[in-house]
Amino acid sequence: MGKRSAGYLHKSRKFLKKGPREKGMPPVSRYLQRFEVGQKVVIDVTPSERRGMPHRRYQGKVGVVTGRRGGAYLVDVRLGKKLKHLIVSPVHLRPHREPVSWREG
């Protein structure tokens with residue numbers, strides 16, 4: 001018996017699934033988003049666009065934009081004690097909204 005494959009999209013069946021009202025390509029505004037250096041962003045993978053897609057372990061992580069590389073953004077994400085440097089297309093990013101504390105009022 002051969003060794004099982006463990007490729008880049010291994011165990012990502014549910015992760016790459018869209019809901020019935022989200023099917024199709026994302027709007028053009030997702031591709032044209034602009035982020036400033038130092039801005040916090042959330043990695044939110046869009047399954048219909050494979051270019052510039054980060055690994056699934058970074059889904060939902062908050063990172064800081066550190067620069068541009070072509071049409072993509074350089075994002076620093078903390079993973080445990082390590083700082084990872086990712087190159088991510090803007091369609092897979094969205095701005096991070098700071099949570100409003102219920103005590104601040």
# chains A, B, ... in the order shown; residues from 1 in each chain; ligands from 1
>>> residues_around(residues="segment 41-52 of chain A", least_positions_apart="6", cutoff="8 Å", atoms="only C-alpha atoms", output="PyMOL selection string")
chain A and resi 16-18+24-26+58-65+72+87-89+91-96
>>> closest_residue(among="A:Arg97, A:Lys81, A:Lys11, A:Arg56", to="Gln39 of chain A", atoms="only C-alpha atoms")
A:Arg97
>>> select_by_dssp(residues="segment 5-105 of chain A", states="strand (DSSP E)", output="ChimeraX atom specification")
/A:40-43,62-69,72-79,82-88,93-95
>>> atom_distance(atom1="atom CA of Val37 of chain A", atom2="atom CA of Val75 of chain A")
9.4 Å
>>> closest_residue(among="A:Arg30, A:Pro54, A:Glu36, A:Lys23", to="Tyr8 of chain A", atoms="only C-alpha atoms")
A:Pro54
>>> select_by_dssp(residues="chain A", states="helix (DSSP H, G or I)", output="NGL selection string")
:A and (28-31 or 56-58 or 90-92)
>>> write_last_selection(atoms="N, CA and C atoms", output="PDB file, in the first residue's frame")
ATOM      1  N   VAL A  28     -15.825  42.708  -7.719  1.00  0.00           N
ATOM      2  CA  VAL A  28     -14.580  43.341  -8.168  1.00  0.00           C
ATOM      3  C   VAL A  28     -13.953  44.170  -7.049  1.00  0.00           C
ATOM      4  N   SER A  29     -14.767  44.710  -6.159  1.00  0.00           N
ATOM      5  CA  SER A  29     -14.243  45.533  -5.070  1.00  0.00           C
ATOM      6  C   SER A  29     -13.307  44.743  -4.155  1.00  0.00           C
ATOM      7  N   ARG A  30     -13.500  43.421  -4.042  1.00  0.00           N
ATOM      8  CA  ARG A  30     -12.594  42.604  -3.221  1.00  0.00           C
ATOM      9  C   ARG A  30     -11.204  42.545  -3.843  1.00  0.00           C
ATOM     10  N   TYR A  31     -11.127  42.570  -5.173  1.00  0.00           N
ATOM     11  CA  TYR A  31      -9.838  42.527  -5.871  1.00  0.00           C
ATOM     12  C   TYR A  31      -9.120  43.876  -5.801  1.00  0.00           C
ATOM     13  N   ARG A  56      -4.324  26.921   4.541  1.00  0.00           N
ATOM     14  CA  ARG A  56      -5.538  26.932   5.352  1.00  0.00           C
ATOM     15  C   ARG A  56      -5.274  27.125   6.843  1.00  0.00           C
ATOM     16  N   ARG A  57      -4.042  26.904   7.300  1.00  0.00           N
ATOM     17  CA  ARG A  57      -3.749  27.115   8.720  1.00  0.00           C
ATOM     18  C   ARG A  57      -3.832  28.598   9.104  1.00  0.00           C
ATOM     19  N   TYR A  58      -3.797  29.491   8.106  1.00  0.00           N
ATOM     20  CA  TYR A  58      -3.846  30.921   8.391  1.00  0.00           C
ATOM     21  C   TYR A  58      -5.256  31.500   8.290  1.00  0.00           C
ATOM     22  N   PRO A  90      -5.118  40.500  -2.398  1.00  0.00           N
ATOM     23  CA  PRO A  90      -6.097  41.282  -1.636  1.00  0.00           C
ATOM     24  C   PRO A  90      -7.485  40.653  -1.570  1.00  0.00           C
ATOM     25  N   VAL A  91      -7.803  39.750  -2.493  1.00  0.00           N
ATOM     26  CA  VAL A  91      -9.121  39.109  -2.460  1.00  0.00           C
ATOM     27  C   VAL A  91      -9.257  38.187  -1.247  1.00  0.00           C
ATOM     28  N   HIS A  92      -8.137  37.763  -0.665  1.00  0.00           N
ATOM     29  CA  HIS A  92      -8.148  36.884   0.501  1.00  0.00           C
ATOM     30  C   HIS A  92      -7.975  37.649   1.813  1.00  0.00           C
TER      31      HIS A  92
END
>>> atom_distance(atom1="atom CA of Phe35 of chain A", atom2="atom CA of Leu83 of chain A")
20.0 Å
>>> closest_residue(among="A:Ser101, A:Arg69, A:His55, A:Leu74", to="Phe15 of chain A", atoms="only C-alpha atoms")
A:His55
>>> decode(residues="segment 53-81 of chain A", atoms="N, CA and C atoms", output="PDB file, in the first residue's frame")
ATOM      1  N   MET A  53      -3.513  32.489  -2.693  1.00  0.00           N
ATOM      2  CA  MET A  53      -4.243  31.910  -1.565  1.00  0.00           C
ATOM      3  C   MET A  53      -3.256  31.418  -0.510  1.00  0.00           C
ATOM      4  N   PRO A  54      -3.409  31.856   0.748  1.00  0.00           N
ATOM      5  CA  PRO A  54      -2.532  31.337   1.807  1.00  0.00           C
ATOM      6  C   PRO A  54      -2.959  29.935   2.227  1.00  0.00           C
ATOM      7  N   HIS A  55      -2.107  29.274   2.960  1.00  0.00           N
ATOM      8  CA  HIS A  55      -2.413  27.934   3.468  1.00  0.00           C
ATOM      9  C   HIS A  55      -3.598  28.006   4.427  1.00  0.00           C
ATOM     10  N   ARG A  56      -4.324  26.921   4.541  1.00  0.00           N
ATOM     11  CA  ARG A  56      -5.538  26.932   5.352  1.00  0.00           C
ATOM     12  C   ARG A  56      -5.274  27.125   6.843  1.00  0.00           C
ATOM     13  N   ARG A  57      -4.042  26.904   7.300  1.00  0.00           N
ATOM     14  CA  ARG A  57      -3.749  27.115   8.720  1.00  0.00           C
ATOM     15  C   ARG A  57      -3.832  28.598   9.104  1.00  0.00           C
ATOM     16  N   TYR A  58      -3.797  29.491   8.106  1.00  0.00           N
ATOM     17  CA  TYR A  58      -3.846  30.921   8.391  1.00  0.00           C
ATOM     18  C   TYR A  58      -5.256  31.500   8.290  1.00  0.00           C
ATOM     19  N   GLN A  59      -6.258  30.685   7.977  1.00  0.00           N
ATOM     20  CA  GLN A  59      -7.637  31.156   7.855  1.00  0.00           C
ATOM     21  C   GLN A  59      -8.114  31.761   9.171  1.00  0.00           C
ATOM     22  N   GLY A  60      -8.607  32.996   9.115  1.00  0.00           N
ATOM     23  CA  GLY A  60      -9.138  33.670  10.297  1.00  0.00           C
ATOM     24  C   GLY A  60      -8.092  34.367  11.140  1.00  0.00           C
ATOM     25  N   LYS A  61      -6.822  34.245  10.801  1.00  0.00           N
ATOM     26  CA  LYS A  61      -5.770  34.880  11.593  1.00  0.00           C
ATOM     27  C   LYS A  61      -5.695  36.376  11.282  1.00  0.00           C
ATOM     28  N   VAL A  62      -5.317  37.146  12.273  1.00  0.00           N
ATOM     29  CA  VAL A  62      -5.144  38.590  12.116  1.00  0.00           C
ATOM     30  C   VAL A  62      -3.661  38.868  11.927  1.00  0.00           C
ATOM     31  N   GLY A  63      -3.340  39.670  10.919  1.00  0.00           N
ATOM     32  CA  GLY A  63      -1.958  40.016  10.639  1.00  0.00           C
ATOM     33  C   GLY A  63      -1.818  41.506  10.386  1.00  0.00           C
ATOM     34  N   VAL A  64      -0.583  41.931  10.182  1.00  0.00           N
ATOM     35  CA  VAL A  64      -0.279  43.342   9.926  1.00  0.00           C
ATOM     36  C   VAL A  64       0.353  43.453   8.544  1.00  0.00           C
ATOM     37  N   VAL A  65      -0.149  44.386   7.744  1.00  0.00           N
ATOM     38  CA  VAL A  65       0.402  44.610   6.409  1.00  0.00           C
ATOM     39  C   VAL A  65       1.753  45.293   6.555  1.00  0.00           C
ATOM     40  N   THR A  66       2.788  44.713   5.907  1.00  0.00           N
ATOM     41  CA  THR A  66       4.124  45.291   6.008  1.00  0.00           C
ATOM     42  C   THR A  66       4.620  45.839   4.679  1.00  0.00           C
ATOM     43  N   GLY A  67       3.890  45.593   3.598  1.00  0.00           N
ATOM     44  CA  GLY A  67       4.330  46.115   2.308  1.00  0.00           C
ATOM     45  C   GLY A  67       3.546  45.504   1.165  1.00  0.00           C
ATOM     46  N   ARG A  68       4.015  45.823  -0.073  1.00  0.00           N
ATOM     47  CA  ARG A  68       3.401  45.290  -1.284  1.00  0.00           C
ATOM     48  C   ARG A  68       4.430  44.468  -2.040  1.00  0.00           C
ATOM     49  N   ARG A  69       3.934  43.505  -2.796  1.00  0.00           N
ATOM     50  CA  ARG A  69       4.779  42.774  -3.733  1.00  0.00           C
ATOM     51  C   ARG A  69       3.925  42.520  -4.964  1.00  0.00           C
ATOM     52  N   GLY A  70       4.114  43.355  -5.963  1.00  0.00           N
ATOM     53  CA  GLY A  70       3.257  43.295  -7.144  1.00  0.00           C
ATOM     54  C   GLY A  70       1.855  43.720  -6.758  1.00  0.00           C
ATOM     55  N   GLY A  71       0.864  42.897  -7.088  1.00  0.00           N
ATOM     56  CA  GLY A  71      -0.515  43.193  -6.709  1.00  0.00           C
ATOM     57  C   GLY A  71      -0.883  42.625  -5.357  1.00  0.00           C
ATOM     58  N   ALA A  72       0.026  41.884  -4.723  1.00  0.00           N
ATOM     59  CA  ALA A  72      -0.253  41.233  -3.442  1.00  0.00           C
ATOM     60  C   ALA A  72       0.302  42.058  -2.283  1.00  0.00           C
ATOM     61  N   TYR A  73      -0.064  41.643  -1.085  1.00  0.00           N
ATOM     62  CA  TYR A  73       0.393  42.320   0.130  1.00  0.00           C
ATOM     63  C   TYR A  73       1.266  41.378   0.948  1.00  0.00           C
ATOM     64  N   LEU A  74       2.264  41.949   1.601  1.00  0.00           N
ATOM     65  CA  LEU A  74       3.095  41.211   2.552  1.00  0.00           C
ATOM     66  C   LEU A  74       2.428  41.353   3.915  1.00  0.00           C
ATOM     67  N   VAL A  75       2.092  40.239   4.533  1.00  0.00           N
ATOM     68  CA  VAL A  75       1.373  40.238   5.808  1.00  0.00           C
ATOM     69  C   VAL A  75       2.177  39.434   6.818  1.00  0.00           C
ATOM     70  N   ASP A  76       2.385  40.006   7.999  1.00  0.00           N
ATOM     71  CA  ASP A  76       3.061  39.299   9.087  1.00  0.00           C
ATOM     72  C   ASP A  76       2.005  38.753  10.037  1.00  0.00           C
ATOM     73  N   VAL A  77       2.059  37.440  10.271  1.00  0.00           N
ATOM     74  CA  VAL A  77       1.096  36.763  11.134  1.00  0.00           C
ATOM     75  C   VAL A  77       1.854  36.033  12.219  1.00  0.00           C
ATOM     76  N   ARG A  78       1.369  36.133  13.443  1.00  0.00           N
ATOM     77  CA  ARG A  78       1.986  35.414  14.548  1.00  0.00           C
ATOM     78  C   ARG A  78       1.321  34.045  14.657  1.00  0.00           C
ATOM     79  N   LEU A  79       2.138  32.994  14.627  1.00  0.00           N
ATOM     80  CA  LEU A  79       1.663  31.621  14.724  1.00  0.00           C
ATOM     81  C   LEU A  79       2.416  30.973  15.874  1.00  0.00           C
ATOM     82  N   GLY A  80       1.794  30.942  17.032  1.00  0.00           N
ATOM     83  CA  GLY A  80       2.482  30.498  18.242  1.00  0.00           C
ATOM     84  C   GLY A  80       3.496  31.560  18.637  1.00  0.00           C
ATOM     85  N   LYS A  81       4.764  31.170  18.765  1.00  0.00           N
ATOM     86  CA  LYS A  81       5.810  32.137  19.103  1.00  0.00           C
ATOM     87  C   LYS A  81       6.530  32.651  17.871  1.00  0.00           C
TER      88      LYS A  81
END
